[in-house]
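coords20.txt follows (compact mmCIF, C-alpha atoms):
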# COMPACT_ATOMS: atom_id res chain seq x y z
CA MET A 218 76.57 87.58 90.57
CA MET A 219 79.56 85.62 91.85
CA SER A 220 82.69 87.71 92.40
CA ARG A 221 85.85 86.60 90.64
CA ILE A 222 88.93 87.22 92.76
CA GLY A 223 92.50 86.88 91.52
CA VAL A 224 95.06 84.96 93.59
CA LEU A 225 98.51 86.25 92.60
CA LEU A 226 101.04 83.47 93.19
CA SER A 227 104.84 83.75 93.17
CA GLY A 228 106.00 80.12 92.99
CA CYS A 229 105.43 77.17 95.33
CA GLY A 230 107.11 77.13 98.74
CA VAL A 231 107.73 79.60 101.53
CA ASN A 232 111.45 80.17 100.90
CA ASP A 233 111.41 80.94 97.17
CA GLY A 234 107.74 81.17 96.18
CA SER A 235 104.24 81.49 97.61
CA GLU A 236 103.72 80.28 101.17
CA ILE A 237 101.66 77.17 100.44
CA HIS A 238 99.46 77.19 103.56
CA GLU A 239 98.55 80.86 103.11
CA ALA A 240 97.73 80.35 99.43
CA VAL A 241 95.56 77.28 100.07
CA LEU A 242 93.74 78.91 103.00
CA ALA A 243 92.98 81.97 100.84
CA MET A 244 91.62 79.69 98.11
CA LEU A 245 89.56 77.73 100.68
CA ALA A 246 88.10 80.95 102.10
CA LEU A 247 87.20 82.18 98.61
CA ASP A 248 85.43 78.89 97.93
CA GLU A 249 83.57 79.09 101.24
CA ALA A 250 82.62 82.72 100.55
CA GLY A 251 81.07 81.69 97.23
CA ALA A 252 83.62 83.57 95.14
CA GLU A 253 85.31 82.29 92.01
CA ARG A 254 89.11 82.33 91.96
CA LEU A 255 91.54 83.10 89.17
CA CYS A 256 95.08 82.01 89.96
CA ILE A 257 97.69 84.21 88.29
CA ALA A 258 101.50 84.24 88.22
CA PRO A 259 104.21 85.94 86.17
CA ASP A 260 105.94 83.81 83.50
CA LYS A 261 109.56 84.41 84.50
CA ALA A 262 112.46 82.76 86.29
CA GLN A 263 112.37 82.63 90.08
CA ARG A 264 114.92 84.83 91.85
CA ASP A 265 116.35 81.63 93.33
CA VAL A 266 115.50 78.05 94.25
CA VAL A 267 115.86 77.05 97.90
CA ASN A 268 116.08 73.47 99.19
CA HIS A 269 113.28 73.57 101.78
CA LEU A 270 114.76 70.66 103.74
CA THR A 271 118.10 72.37 104.36
CA GLY A 272 117.21 76.03 103.77
CA GLN A 273 120.21 76.27 101.44
CA PRO A 274 120.32 77.47 97.79
CA ALA A 275 119.61 74.57 95.43
CA GLY A 276 121.59 75.78 92.41
CA GLU A 277 118.63 75.20 90.10
CA SER A 278 116.45 77.37 87.93
CA ARG A 279 112.64 77.19 88.08
CA ASN A 280 109.85 79.27 86.53
CA VAL A 281 107.40 81.18 88.76
CA LEU A 282 104.31 80.37 86.67
CA VAL A 283 105.20 76.69 86.24
CA GLU A 284 105.82 76.17 89.98
CA ALA A 285 102.77 78.23 91.02
CA ALA A 286 100.72 75.88 88.82
CA ARG A 287 101.36 73.19 91.46
CA ILE A 288 99.30 75.13 94.02
CA ALA A 289 96.70 75.95 91.36
CA ARG A 290 96.41 72.34 90.10
CA GLY A 291 97.21 73.63 86.59
CA GLN A 292 94.36 76.18 86.58
CA ILE A 293 96.41 79.36 86.31
CA ARG A 294 96.95 82.27 83.94
CA ASP A 295 100.07 84.11 82.89
CA LEU A 296 99.97 87.55 84.56
CA ALA A 297 100.83 89.19 81.22
CA THR A 298 97.45 88.08 79.81
CA VAL A 299 95.26 89.23 82.72
CA THR A 300 93.54 92.63 82.79
CA ALA A 301 91.87 94.40 85.72
CA ALA A 302 88.54 94.14 83.89
CA GLU A 303 88.56 90.34 84.30
CA ILE A 304 88.61 90.28 88.10
CA ASP A 305 86.72 92.01 90.90
CA GLY A 306 89.68 92.10 93.28
CA ILE A 307 92.96 90.31 94.00
CA ILE A 308 94.77 88.64 96.89
CA LEU A 309 98.55 88.22 97.28
CA PRO A 310 99.57 85.36 99.58
CA GLY A 311 102.92 85.68 101.35
CA GLY A 312 106.10 83.65 101.22
CA PHE A 313 109.50 84.90 100.11
CA GLY A 314 108.32 84.69 96.50
CA ALA A 315 106.20 87.79 97.09
CA ALA A 316 109.38 89.60 98.16
CA LYS A 317 111.76 88.00 95.63
CA ASN A 318 109.72 87.35 92.48
CA LEU A 319 106.82 89.86 92.56
CA CYS A 320 109.14 92.55 93.89
CA ASP A 321 112.67 92.49 95.33
CA PHE A 322 111.89 93.66 98.88
CA ALA A 323 113.74 90.72 100.45
CA LEU A 324 116.98 91.86 98.80
CA ALA A 325 116.56 95.58 98.17
CA GLY A 326 114.60 96.78 101.24
CA ALA A 327 114.22 100.55 100.99
CA ASP A 328 115.19 100.43 97.30
CA THR A 329 112.51 97.86 96.38
CA ALA A 330 111.44 97.67 92.75
CA VAL A 331 108.14 95.99 91.84
CA ASP A 332 107.70 93.67 88.86
CA PRO A 333 106.23 95.97 86.16
CA GLY A 334 103.41 93.55 85.29
CA VAL A 335 102.41 93.25 88.95
CA GLU A 336 102.51 97.02 89.47
CA LYS A 337 100.45 97.65 86.33
CA LEU A 338 97.68 95.24 87.35
CA LEU A 339 97.53 96.57 90.92
CA LEU A 340 97.36 100.21 89.75
CA GLU A 341 94.61 99.34 87.27
CA LEU A 342 92.63 97.53 89.99
CA GLN A 343 93.04 100.46 92.36
CA ALA A 344 91.96 102.94 89.69
CA ALA A 345 88.87 100.80 89.09
CA GLY A 346 87.98 100.85 92.79
CA LYS A 347 88.61 97.12 93.20
CA PRO A 348 89.95 95.73 96.50
CA ILE A 349 93.45 94.31 97.00
CA GLY A 350 94.39 91.92 99.80
CA ALA A 351 97.89 90.96 100.92
CA ILE A 352 99.06 88.35 103.43
CA CYS A 353 102.24 87.97 105.53
CA ILE A 354 105.13 89.84 103.83
CA ALA A 355 103.13 90.69 100.67
CA PRO A 356 101.87 93.96 102.24
CA ALA A 357 105.44 95.26 101.75
CA LEU A 358 104.72 95.20 98.03
CA LEU A 359 101.47 97.15 98.55
CA ALA A 360 103.37 99.65 100.70
CA ARG A 361 105.83 100.17 97.84
CA VAL A 362 103.11 100.61 95.20
CA PHE A 363 100.63 102.64 97.28
CA GLY A 364 102.93 104.28 99.85
CA SER A 365 102.82 107.62 98.03
CA LEU A 366 99.05 107.55 98.59
CA GLY A 367 99.53 106.96 102.32
CA ALA A 368 98.43 103.32 102.34
CA ARG A 369 97.71 101.74 105.75
CA VAL A 370 98.93 98.14 105.99
CA THR A 371 100.23 95.56 108.47
CA ILE A 372 102.97 92.96 108.49
CA GLY A 373 102.29 92.16 112.17
CA ASN A 374 104.67 93.77 114.64
CA ASP A 375 108.22 93.59 113.21
CA ALA A 376 109.52 97.10 113.91
CA GLY A 377 112.43 96.87 111.47
CA VAL A 378 110.27 95.79 108.54
CA ALA A 379 107.61 98.34 109.53
CA ARG A 380 110.17 101.15 109.35
CA VAL A 381 111.05 100.22 105.76
CA LEU A 382 107.35 100.23 104.83
CA GLU A 383 106.99 103.67 106.38
CA SER A 384 110.01 104.85 104.34
CA PHE A 385 107.78 104.19 101.30
CA GLY A 386 105.21 106.63 102.72
CA ALA A 387 102.94 103.87 104.00
CA ARG A 388 101.55 103.79 107.53
CA HIS A 389 102.19 100.53 109.37
CA VAL A 390 99.56 99.38 111.87
CA GLU A 391 100.37 96.64 114.39
CA CYS A 392 97.97 93.71 114.15
CA PRO A 393 97.60 90.25 115.75
CA VAL A 394 97.59 87.08 113.61
CA ASP A 395 93.83 86.57 113.76
CA GLU A 396 92.93 90.09 112.65
CA ILE A 397 93.11 92.34 109.59
CA VAL A 398 93.96 95.94 108.85
CA VAL A 399 91.64 97.65 106.38
CA ASP A 400 92.48 100.79 104.45
CA GLU A 401 88.91 101.72 103.53
CA ARG A 402 89.94 104.60 101.30
CA LEU A 403 92.31 102.59 99.09
CA LYS A 404 90.45 99.28 99.60
CA LEU A 405 93.55 97.49 100.86
CA VAL A 406 93.17 94.60 103.34
CA THR A 407 96.19 92.99 105.04
CA THR A 408 96.85 90.30 107.67
CA PRO A 409 100.13 89.08 109.25
CA ALA A 410 99.67 85.28 108.93
CA TYR A 411 103.08 83.58 109.19
CA MET A 412 104.85 86.88 109.94
CA LEU A 413 103.48 86.01 113.41
CA GLY A 414 102.37 82.37 113.22
CA PRO A 415 102.20 80.18 115.22
CA GLY A 416 100.12 77.69 113.23
CA LEU A 417 97.50 76.94 110.62
CA LYS A 418 94.53 77.47 112.93
CA GLU A 419 95.66 80.98 113.86
CA ILE A 420 96.61 82.16 110.37
CA ARG A 421 93.33 80.77 109.03
CA ALA A 422 91.39 83.17 111.26
CA GLY A 423 93.10 86.26 109.81
CA ILE A 424 93.08 85.01 106.21
CA ASP A 425 89.40 84.14 106.47
CA LYS A 426 88.57 87.67 107.65
CA LEU A 427 90.71 89.15 104.87
CA VAL A 428 89.00 87.10 102.17
CA ARG A 429 85.52 87.87 103.45
CA ARG A 430 86.32 91.58 103.49
CA ILE A 431 87.79 91.47 99.97
CA VAL A 432 84.69 89.67 98.67
CA ALA A 433 82.43 92.20 100.42
CA LEU A 434 84.38 95.14 98.98
CA ALA A 435 84.31 93.50 95.53
CA GLY A 436 80.53 93.07 95.63
CA MET B 87 97.92 64.15 126.28
CA MET B 88 98.08 65.58 122.77
CA SER B 89 98.08 62.98 119.99
CA ARG B 90 100.92 63.11 117.51
CA ILE B 91 99.78 62.16 114.01
CA GLY B 92 102.11 61.51 111.08
CA VAL B 93 101.40 63.11 107.70
CA LEU B 94 103.11 60.97 105.06
CA LEU B 95 103.94 63.18 102.07
CA SER B 96 105.09 62.09 98.61
CA GLY B 97 106.40 65.30 97.05
CA CYS B 98 104.71 68.64 96.30
CA GLY B 99 102.09 68.85 93.58
CA VAL B 100 99.15 66.76 92.40
CA ASN B 101 100.76 65.31 89.26
CA ASP B 102 104.04 64.00 90.71
CA GLY B 103 103.76 64.43 94.49
CA SER B 104 101.29 65.09 97.29
CA GLU B 105 98.11 66.91 96.35
CA ILE B 106 98.80 70.25 98.02
CA HIS B 107 95.23 71.19 98.99
CA GLU B 108 94.57 67.78 100.54
CA ALA B 109 97.83 67.89 102.50
CA VAL B 110 97.23 71.41 103.83
CA LEU B 111 93.60 70.68 104.74
CA ALA B 112 94.69 67.57 106.65
CA MET B 113 97.29 69.64 108.51
CA LEU B 114 94.71 72.37 109.23
CA ALA B 115 92.24 69.82 110.58
CA LEU B 116 94.93 68.28 112.82
CA ASP B 117 95.72 71.73 114.19
CA GLU B 118 92.03 72.45 114.79
CA ALA B 119 91.59 69.06 116.48
CA GLY B 120 94.41 69.88 118.90
CA ALA B 121 96.73 67.19 117.55
CA GLU B 122 100.42 67.58 116.87
CA ARG B 123 101.63 66.71 113.37
CA LEU B 124 104.80 65.01 112.21
CA CYS B 125 105.41 65.40 108.49
CA ILE B 126 107.29 62.47 106.98
CA ALA B 127 108.54 61.58 103.49
CA PRO B 128 110.90 59.05 101.94
CA ASP B 129 114.36 60.32 100.93
CA LYS B 130 114.44 59.10 97.34
CA ALA B 131 114.03 60.35 93.79
CA GLN B 132 110.53 61.07 92.53
CA ARG B 133 109.20 58.67 89.90
CA ASP B 134 108.96 61.66 87.56
CA VAL B 135 108.64 65.45 87.48
CA VAL B 136 105.59 66.90 85.74
CA ASN B 137 105.24 70.50 84.54
CA HIS B 138 101.95 71.40 86.25
CA LEU B 139 101.24 74.20 83.76
CA THR B 140 101.32 71.94 80.70
CA GLY B 141 100.79 68.51 82.29
CA GLN B 142 103.83 67.25 80.36
CA PRO B 143 106.97 65.51 81.70
CA ALA B 144 109.57 68.10 82.74
CA GLY B 145 112.71 66.03 82.14
CA GLU B 146 114.06 66.90 85.59
CA SER B 147 114.92 64.93 88.70
CA ARG B 148 113.64 65.94 92.15
CA ASN B 149 113.76 64.32 95.58
CA VAL B 150 110.53 63.34 97.36
CA LEU B 151 111.68 64.48 100.83
CA VAL B 152 113.14 67.77 99.59
CA GLU B 153 110.01 68.70 97.64
CA ALA B 154 107.64 67.54 100.41
CA ALA B 155 109.55 69.91 102.72
CA ARG B 156 107.89 72.78 100.80
CA ILE B 157 104.45 71.75 102.11
CA ALA B 158 105.94 71.10 105.58
CA ARG B 159 107.80 74.46 105.72
CA GLY B 160 111.01 72.50 106.39
CA GLN B 161 109.59 70.66 109.42
CA ILE B 162 109.78 67.12 108.10
CA ARG B 163 111.51 63.82 108.87
CA ASP B 164 113.04 61.20 106.62
CA LEU B 165 110.73 58.16 106.68
CA ALA B 166 113.72 55.89 107.30
CA THR B 167 114.22 57.48 110.74
CA VAL B 168 110.60 57.30 111.95
CA THR B 169 109.26 54.41 114.03
CA ALA B 170 105.65 53.52 114.83
CA ALA B 171 106.38 54.21 118.51
CA GLU B 172 106.83 57.93 117.77
CA ILE B 173 103.34 58.55 116.40
CA ASP B 174 99.78 57.73 117.44
CA GLY B 175 98.47 57.37 113.89
CA ILE B 176 99.21 58.47 110.33
CA ILE B 177 97.47 60.14 107.39
CA LEU B 178 98.37 59.78 103.71
CA PRO B 179 97.18 62.67 101.51
CA GLY B 180 96.52 61.91 97.84
CA GLY B 181 98.06 63.16 94.64
CA PHE B 182 99.87 61.05 92.07
CA GLY B 183 102.89 60.96 94.37
CA ALA B 184 101.00 58.52 96.62
CA ALA B 185 100.60 56.25 93.57
CA LYS B 186 104.03 56.87 92.00
CA ASN B 187 106.45 57.46 94.89
CA LEU B 188 104.93 55.69 97.92
CA CYS B 189 103.84 52.79 95.73
CA ASP B 190 103.61 52.29 91.96
CA PHE B 191 99.84 51.87 91.65
CA ALA B 192 99.60 54.56 88.93
CA LEU B 193 101.87 52.49 86.69
CA ALA B 194 101.53 48.90 87.86
CA GLY B 195 97.83 48.65 88.80
CA ALA B 196 97.12 45.05 89.81
CA ASP B 197 100.87 44.40 90.17
CA THR B 198 101.43 47.30 92.57
CA ALA B 199 104.50 47.18 94.80
CA VAL B 200 104.69 49.37 97.90
CA ASP B 201 107.82 51.25 98.98
CA PRO B 202 109.36 48.95 101.62
CA GLY B 203 109.81 51.74 104.18
CA VAL B 204 106.19 52.82 103.79
CA GLU B 205 104.92 49.26 104.07
CA LYS B 206 107.03 48.59 107.17
CA LEU B 207 105.75 51.68 109.02
CA LEU B 208 102.12 50.97 108.11
CA LEU B 209 102.36 47.33 109.24
CA GLU B 210 103.99 48.39 112.51
CA LEU B 211 101.27 50.97 113.13
CA GLN B 212 98.55 48.42 112.37
CA ALA B 213 100.16 45.87 114.68
CA ALA B 214 100.22 48.51 117.43
CA GLY B 215 96.50 49.23 116.98
CA LYS B 216 97.12 52.74 115.68
CA PRO B 217 94.80 54.29 113.07
CA ILE B 218 95.73 54.97 109.44
CA GLY B 219 93.95 57.50 107.24
CA ALA B 220 94.21 57.84 103.46
CA ILE B 221 92.81 60.48 101.11
CA CYS B 222 91.93 60.47 97.39
CA ILE B 223 93.99 57.80 95.58
CA ALA B 224 96.11 56.92 98.65
CA PRO B 225 93.56 54.29 99.80
CA ALA B 226 94.83 52.18 96.86
CA LEU B 227 98.08 51.82 98.81
CA LEU B 228 96.16 50.73 101.92
CA ALA B 229 94.22 48.23 99.81
CA ARG B 230 97.52 46.75 98.60
CA VAL B 231 99.02 46.51 102.11
CA PHE B 232 95.88 45.41 103.99
CA GLY B 233 93.87 43.74 101.23
CA SER B 234 94.78 40.27 102.47
CA LEU B 235 93.12 41.24 105.77
CA GLY B 236 89.93 42.26 103.94
CA ALA B 237 90.38 46.03 104.39
CA ARG B 238 87.34 48.24 103.63
CA VAL B 239 88.28 51.46 101.84
CA THR B 240 86.94 54.04 99.38
CA ILE B 241 88.33 55.95 96.44
CA GLY B 242 84.91 57.45 95.68
CA ASN B 243 82.99 55.77 92.87
CA ASP B 244 85.45 54.94 90.07
CA ALA B 245 84.44 51.38 89.17
CA GLY B 246 87.66 50.60 87.29
CA VAL B 247 89.94 51.64 90.12
CA ALA B 248 87.64 49.94 92.64
CA ARG B 249 87.99 46.63 90.76
CA VAL B 250 91.79 46.78 91.04
CA LEU B 251 91.50 47.44 94.78
CA GLU B 252 89.20 44.44 95.10
CA SER B 253 91.77 42.32 93.21
CA PHE B 254 94.04 42.99 96.23
CA GLY B 255 91.42 41.42 98.50
CA ALA B 256 90.11 44.78 99.72
CA ARG B 257 86.44 45.68 99.78
CA HIS B 258 85.64 48.97 98.04
CA VAL B 259 82.76 51.04 99.42
CA GLU B 260 81.27 53.90 97.39
CA CYS B 261 81.40 57.20 99.25
CA PRO B 262 80.54 60.87 98.51
CA VAL B 263 83.20 63.59 98.75
CA ASP B 264 82.01 64.92 102.11
CA GLU B 265 81.99 61.55 103.85
CA ILE B 266 84.40 58.88 105.09
CA VAL B 267 84.56 55.10 105.12
CA VAL B 268 85.75 53.59 108.40
CA ASP B 269 87.13 50.06 108.77
CA GLU B 270 86.66 49.82 112.53
CA ARG B 271 88.42 46.47 112.79
CA LEU B 272 91.64 47.55 111.07
CA LYS B 273 91.31 51.23 112.10
CA LEU B 274 91.49 52.48 108.51
CA VAL B 275 89.72 55.72 107.55
CA THR B 276 89.43 56.88 103.92
CA THR B 277 87.77 59.74 101.99
CA PRO B 278 87.59 60.44 98.21
CA ALA B 279 88.57 64.17 98.17
CA TYR B 280 89.77 65.09 94.66
CA MET B 281 88.91 61.65 93.28
CA LEU B 282 85.46 63.31 93.22
CA GLY B 283 86.08 67.04 93.78
CA PRO B 284 84.66 69.51 92.88
CA GLY B 285 86.39 72.05 95.11
CA LEU B 286 88.16 72.93 98.33
CA LYS B 287 84.98 73.42 100.36
CA GLU B 288 83.70 69.95 99.53
CA ILE B 289 86.97 68.06 100.02
CA ARG B 290 87.49 69.90 103.30
CA ALA B 291 84.31 68.35 104.71
CA GLY B 292 85.51 64.79 104.11
CA ILE B 293 89.11 65.44 105.16
CA ASP B 294 87.91 67.11 108.36
CA LYS B 295 85.79 64.06 109.26
CA LEU B 296 88.71 61.75 108.47
CA VAL B 297 91.12 63.69 110.67
CA ARG B 298 88.71 63.90 113.60
CA ARG B 299 88.10 60.15 113.38
CA ILE B 300 91.83 59.41 113.23
CA VAL B 301 92.46 61.61 116.28
CA ALA B 302 89.59 59.93 118.14
CA LEU B 303 90.90 56.45 117.29
CA ALA B 304 94.43 57.53 118.30
CA GLY B 305 93.24 58.78 121.68
Please lay out the structure from this file as structure tokens.
Amino acid sequence: MMSRIGVLLSGCGVNDGSEIHEAVLAMLALDEAGAERLCIAPDKAQRDVVNHLTGQPAGESRNVLVEAARIARGQIRDLATVTAAEIDGIILPGGFGAAKNLCDFALAGADTAVDPGVEKLLLELQAAGKPIGAICIAPALLARVFGSLGARVTIGNDAGVARVLESFGARHVECPVDEIVVDERLKLVTTPAYMLGPGLKEIRAGIDKLVRRIVALAG
Amino acid sequence: MMSRIGVLLSGCGVNDGSEIHEAVLAMLALDEAGAERLCIAPDKAQRDVVNHLTGQPAGESRNVLVEAARIARGQIRDLATVTAAEIDGIILPGGFGAAKNLCDFALAGADTAVDPGVEKLLLELQAAGKPIGAICIAPALLARVFGSLGARVTIGNDAGVARVLESFGARHVECPVDEIVVDERLKLVTTPAYMLGPGLKEIRAGIDKLVRRIVALAG
């Protein structure tokens, strides 16, 4: 039977939502791996809206679910309606949205709080033995949720960020852009993607490995 | 020497801008083909803003260049500043933005007018013998600009849309999602992508062929 893997989006654009390239490459790899995808996002206001041309705040308000629907071509579900029983695993693309809208890591660092709906779904998936993947900065969220269990994750090789993840109890493992770190015990798979760059070809290699491992663990 | 290929964006999201998957897959294929990319968009208001969750008008105003910068991760140039001499070819992803913001095909059909800046750049590229690729509905714009020269293009197999393209003087050629139509004389390359779907894996095949042909023609 075809696995059904959630893709948890956080908006649409690297500076205030999901990193678009990472999200699309994860969806491509799921399609190529023969897995079904279920795009999911929380129905709430974004932390902020950034003008991606200037990098400056835009002084607007946008909704995470409504903007994430752009990446999902309208095929997306409100996180509040999704249960762990509906999916065989989940993947969190990166982008600042993962660290502003799904949790507040980008602002709070060591004091990070995770969106309650996100935390609930991830804990339910983990309890059900279902795999969880995270790309780029999104592993910081996994470190916050699963740090007390000694989760092993990567965000590449940024020593400052790694120290904050370790303050959550997680173990950070350095990793190149075209590779993954797998916590076999907790079924967590992470890859650095645009934490390291440099381009689409390189991040695709790591994301492809992550997706194939998630689908294998979900089977 | 590495070719430098323009990617002409029209916003960010299938219903009012560039189709995100098509744009990212074109950028991925350029990276894999060893070509440099130059993302470009016109600095002007979008025709409309559509809520991609509901499909309904959002009653907002957004700027084509600013929103396209989300797909380009901020690395993008205002169309008004780009000359044909700077690039070796160009690719237009689809999405309603190509038919609302780069031209008004989605509203005007047989009476389509093309954005003057877009038309100028395309005519300059054609005069310089540089290749032009278009994906999904974007070939309608090429049909409008190059129809009087008897351009051969595809938008898949939609007979109604094809008839409008032929009213411009273009010749429409039916084409499956994983293939391309090449007008060798005018150096135009087109592929149906999400005009036919059904998914990322299938549209990737056609977009990949299109990009490799554009890079070959640009060399």
Once you count all atoms listed in the file, what closest atom pair and distance in Å to one decimal does each residue of chain B within 9 Å of chain A have, with rows by chain and rising residue number, as a Markdown table?
| residue | atom | partner | partner_atom | distance |
| --- | --- | --- | --- | --- |
| B:Cys98 | CA | A:Arg287 | CA | 7.4 |
| B:Gly99 | CA | A:Arg287 | CA | 4.9 |
| B:Val100 | CA | A:Arg290 | CA | 6.6 |
| B:Asn101 | CA | A:Arg287 | CA | 8.2 |
| B:Glu105 | CA | A:Arg290 | CA | 8.5 |
| B:Ile106 | CA | A:Ile288 | CA | 6.3 |
| B:His107 | CA | A:Val241 | CA | 6.2 |
| B:Val110 | CA | A:His238 | CA | 6.2 |
| B:Leu111 | CA | A:Val241 | CA | 8.3 |
| B:Met113 | CA | A:Leu417 | CA | 7.6 |
| B:Leu114 | CA | A:Leu417 | CA | 5.5 |
| B:Ala115 | CA | A:Lys418 | CA | 8.3 |
| B:Asp117 | CA | A:Lys418 | CA | 6.0 |
| B:Glu118 | CA | A:Lys418 | CA | 5.9 |
| B:Asn137 | CA | A:Val283 | CA | 6.4 |
| B:His138 | CA | A:Gly291 | CA | 5.2 |
| B:Leu139 | CA | A:Gly291 | CA | 5.0 |
| B:Thr140 | CA | A:Gly291 | CA | 7.4 |
| B:Gly141 | CA | A:Gly291 | CA | 7.6 |
| B:Leu151 | CA | A:Leu270 | CA | 7.5 |
| B:Val152 | CA | A:Leu270 | CA | 5.3 |
| B:Glu153 | CA | A:His269 | CA | 7.2 |
| B:Ala154 | CA | A:His269 | CA | 8.4 |
| B:Ala155 | CA | A:His269 | CA | 5.3 |
| B:Arg156 | CA | A:Gly230 | CA | 4.9 |
| B:Ile157 | CA | A:Ile237 | CA | 6.3 |
| B:Ala158 | CA | A:His269 | CA | 8.6 |
| B:Arg159 | CA | A:Val231 | CA | 6.6 |
| B:Gly160 | CA | A:Leu270 | CA | 4.9 |
| B:Gln161 | CA | A:Leu270 | CA | 7.7 |
| B:Ile162 | CA | A:Leu270 | CA | 7.5 |
| B:Gly285 | CA | A:Asp248 | CA | 7.5 |
| B:Leu286 | CA | A:Leu245 | CA | 5.5 |
| B:Lys287 | CA | A:Glu249 | CA | 5.9 |
| B:Arg290 | CA | A:Leu245 | CA | 8.5 |
Using all atoms listed in the file, give me every residue within 9 Å of (87.6, 66.1, 106.6) in file coordinates, as number ranges by chain.
B: 111-112, 115, 264-266, 277, 279, 288-298
Writing out the chosen residues with C-alpha atoms as a PDB file, keeping the file's coordinate frame:
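As written to disk, part38.pdb reads:
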ATOM      1  CA  LEU B 111      93.600  70.680 104.740  1.00  0.00           C
ATOM      2  CA  ALA B 112      94.690  67.570 106.650  1.00  0.00           C
ATOM      3  CA  ALA B 115      92.240  69.820 110.580  1.00  0.00           C
ATOM      4  CA  ASP B 264      82.010  64.920 102.110  1.00  0.00           C
ATOM      5  CA  GLU B 265      81.990  61.550 103.850  1.00  0.00           C
ATOM      6  CA  ILE B 266      84.400  58.880 105.090  1.00  0.00           C
ATOM      7  CA  THR B 277      87.770  59.740 101.990  1.00  0.00           C
ATOM      8  CA  ALA B 279      88.570  64.170  98.170  1.00  0.00           C
ATOM      9  CA  GLU B 288      83.700  69.950  99.530  1.00  0.00           C
ATOM     10  CA  ILE B 289      86.970  68.060 100.020  1.00  0.00           C
ATOM     11  CA  ARG B 290      87.490  69.900 103.300  1.00  0.00           C
ATOM     12  CA  ALA B 291      84.310  68.350 104.710  1.00  0.00           C
ATOM     13  CA  GLY B 292      85.510  64.790 104.110  1.00  0.00           C
ATOM     14  CA  ILE B 293      89.110  65.440 105.160  1.00  0.00           C
ATOM     15  CA  ASP B 294      87.910  67.110 108.360  1.00  0.00           C
ATOM     16  CA  LYS B 295      85.790  64.060 109.260  1.00  0.00           C
ATOM     17  CA  LEU B 296      88.710  61.750 108.470  1.00  0.00           C
ATOM     18  CA  VAL B 297      91.120  63.690 110.670  1.00  0.00           C
ATOM     19  CA  ARG B 298      88.710  63.900 113.600  1.00  0.00           C
TER      20      ARG B 298
END
Got a sec: who's within 7 Å of range 215-231 of chain B, counting all atoms listed in the file, leaving out chain neighbours fewer than 5 positions off, as number ranges by chain?
B: 174-181, 184-185, 189, 205, 237, 239-241, 251, 254, 256, 273-281, 296, 300, 303-304
Set the distance at 7 Å and use only C-alpha atoms: which residues neighbour Asp295 in chain A once local chain neighbours fewer than 5 positions away are removed? I'd like the list as a ChimeraX atom specification.
/A:257-260,282
Report, in Å to a single decimal, how far apart CA of Arg299 in chain B and CA of Pro202 in chain B are.
26.8 Å
So what do you get for CA of Gly436 in chain A versus CA of Ile304 in chain A, distance-wise?
11.4 Å
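Here CA of Asp134 in chain B and CA of Arg148 in chain B stand 7.8 Å from one another.
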With 8 Å on each side, where is the centre of the axis-aligned box around all listed atoms of range 136-146 of chain B, and how long are its edges in Å to one decimal, as JSON?
{"center_x": 107.4, "center_y": 69.9, "center_z": 83.3, "size_x": 29.3, "size_y": 24.7, "size_z": 21.9}
Within 7 Å of Ala330 in chain A, counting all atoms listed in the file, which residues qualify if same-chain residues fewer than 2 places away don't, as a list in words?
Cys320, Asp321, Asp328 and Asp332 of chain A
